[in-house]
Amino acid sequence: MAIVVVGGHSRNIGKTSVVAGLIAALPEMHWTAFKITQFGHGVCSANGEPCDCETADHTIAVSEERQGATGTDSARYLAAGAVRSFWVRTRQGNLAEAMPRIRKELERAENAVIESNSILRFLRPDIYLSVLDPTVEDFKDSARLYLDRADAVLVPEGVLGRPEWKGVSLKLVEGTPVLAMRPPVYVTEEVVRFVAAQVGSRQGLQP
């Protein structure tokens with residue numbers, strides 16, 4: 001089984017589109033897909049709404065998406081062709097509590113793609129792609145922590161330029177392949193070839 005992790009430094013920069021694009025471009029991988037969301041304190045993991053509860057059943061929530069038209073990110077994975085799709089929600093810092101369920105589903109998967117940075121604390125994927133947008137200043141701590149582990153970074157038009165990020169050194173990605181996203185095409189043929197070359201030896205794919 002191959003595991004691909006797609007992370008990124010902020011919201012709304014194309015991570016879900018990259019995951020969906022990979023699923024659609026490599027249907028022979030029979031992907032099981034995971035969307036991992038960590039909410040801040042005071043937000044319920046069961047539904048993402050403001051919440052004062054501290055009960056155990058609101059610490060984590062893992063749901064399997066059944067329909068591809070509900071509008072959620074996990075539904076987009078199904079619509080793109082994923083065999084199964086899961087939405088994992090935890091309070092910030094509680095992802096460890098969801099790992100037994102995630103590992104159980106990974107054992108059943110043929111191949112997996114996971115949208116998350118923090119999952120890298122618990123497993124080592126076959127390939128980690130980091131989605132970066134130099135025009136967006138926000139930079140998650142989890143993305144900064146694992147940026148030097150990226151096998152490739154995906155950037156609009158493949159140009160890092162002079163990013164707006166504060167306190168983030170480009171030395172973290174020095175020597176790392178920079179691949180272009182060209183919205184609305186977030187996964188180009190170059191990206192597909194790169195991913196296939198990384199994981200293809202296990203699947204009999206040709207890069």
# chains A, B, ... in the order shown; residues from 1 in each chain; ligands from 1

$ residues_around --residues "Ala24 of chain A" --least-positions-apart "4" --cutoff "9 Å" --atoms "only C-alpha atoms" --output "ChimeraX atom specification"
/A:19-20,77,79-82

$ write_last_selection --atoms "N, CA and C atoms" --output "PDB file, in the first residue's frame"
ATOM      1  N   VAL A  19      -5.747  16.989  -3.763  1.00  0.00           N
ATOM      2  CA  VAL A  19      -6.138  15.622  -3.409  1.00  0.00           C
ATOM      3  C   VAL A  19      -7.136  15.073  -4.423  1.00  0.00           C
ATOM      4  N   ALA A  20      -8.175  15.849  -4.711  1.00  0.00           N
ATOM      5  CA  ALA A  20      -9.184  15.400  -5.678  1.00  0.00           C
ATOM      6  C   ALA A  20      -8.565  15.181  -7.054  1.00  0.00           C
ATOM      7  N   TYR A  77     -13.822  14.163  -2.682  1.00  0.00           N
ATOM      8  CA  TYR A  77     -12.944  13.011  -2.914  1.00  0.00           C
ATOM      9  C   TYR A  77     -13.734  11.869  -3.553  1.00  0.00           C
ATOM     10  N   ALA A  79     -16.520  12.144  -5.288  1.00  0.00           N
ATOM     11  CA  ALA A  79     -16.898  12.566  -6.641  1.00  0.00           C
ATOM     12  C   ALA A  79     -15.736  12.423  -7.615  1.00  0.00           C
ATOM     13  N   ALA A  80     -14.499  12.580  -7.095  1.00  0.00           N
ATOM     14  CA  ALA A  80     -13.318  12.452  -7.951  1.00  0.00           C
ATOM     15  C   ALA A  80     -12.972  11.002  -8.254  1.00  0.00           C
ATOM     16  N   GLY A  81     -13.571  10.067  -7.487  1.00  0.00           N
ATOM     17  CA  GLY A  81     -13.342   8.655  -7.764  1.00  0.00           C
ATOM     18  C   GLY A  81     -12.766   7.836  -6.633  1.00  0.00           C
ATOM     19  N   ALA A  82     -12.675   8.405  -5.423  1.00  0.00           N
ATOM     20  CA  ALA A  82     -12.166   7.635  -4.294  1.00  0.00           C
ATOM     21  C   ALA A  82     -13.078   6.444  -4.002  1.00  0.00           C
TER      22      ALA A  82
END

$ closest_residue --among "A:Lys35, A:Arg101, A:Lys140, A:His30" --to "His9 of chain A" --atoms "only C-alpha atoms"
A:Lys140

$ residues_around --residues "Ala25 of chain A" --least-positions-apart "6" --cutoff "9 Å" --atoms "only C-alpha atoms" --output "PDB file with N, CA and C atoms, in the first residue's frame"
ATOM      1  N   ALA A  80     -14.499  12.580  -7.095  1.00  0.00           N
ATOM      2  CA  ALA A  80     -13.318  12.452  -7.951  1.00  0.00           C
ATOM      3  C   ALA A  80     -12.972  11.002  -8.254  1.00  0.00           C
ATOM      4  N   VAL A 187      -3.632  19.743 -10.490  1.00  0.00           N
ATOM      5  CA  VAL A 187      -2.744  18.593 -10.663  1.00  0.00           C
ATOM      6  C   VAL A 187      -2.414  18.475 -12.142  1.00  0.00           C
ATOM      7  N   GLU A 189       0.050  17.292 -15.492  1.00  0.00           N
ATOM      8  CA  GLU A 189       0.674  16.029 -15.890  1.00  0.00           C
ATOM      9  C   GLU A 189       2.020  15.853 -15.207  1.00  0.00           C
ATOM     10  N   VAL A 192       1.356  14.487 -11.751  1.00  0.00           N
ATOM     11  CA  VAL A 192       0.955  13.079 -11.841  1.00  0.00           C
ATOM     12  C   VAL A 192       2.167  12.190 -12.084  1.00  0.00           C
TER      13      VAL A 192
END

$ residues_around --residues "Val178 of chain A" --least-positions-apart "5" --cutoff "7 Å" --atoms "only C-alpha atoms" --output "NGL selection string"
:A and (152-155 or 158)

$ write_last_selection --atoms "N, CA, C and O atoms" --output "CSV table (one decimal), in the first residue's frame"
chain,number,residue,atom,x,y,z
A,152,ALA,N,8.0,17.3,-2.5
A,152,ALA,CA,7.8,18.4,-3.6
A,152,ALA,C,6.9,19.4,-3.0
A,152,ALA,O,6.1,19.1,-2.1
A,153,VAL,N,7.0,20.6,-3.5
A,153,VAL,CA,6.1,21.7,-3.1
A,153,VAL,C,5.3,22.1,-4.4
A,153,VAL,O,5.9,22.1,-5.5
A,154,LEU,N,4.0,22.3,-4.2
A,154,LEU,CA,3.2,22.7,-5.3
A,154,LEU,C,2.8,24.2,-5.2
A,154,LEU,O,2.3,24.6,-4.1
A,155,VAL,N,3.2,25.0,-6.2
A,155,VAL,CA,3.0,26.4,-6.1
A,155,VAL,C,2.3,26.9,-7.4
A,155,VAL,O,2.6,26.4,-8.5
A,158,GLY,N,4.3,27.5,-10.4
A,158,GLY,CA,5.6,26.9,-10.1
A,158,GLY,C,6.7,28.0,-9.7
A,158,GLY,O,7.9,27.7,-9.8

$ atom_distance --atom1 "atom CA of Trp87 of chain A" --atom2 "atom CA of Leu145 of chain A"
23.2 Å
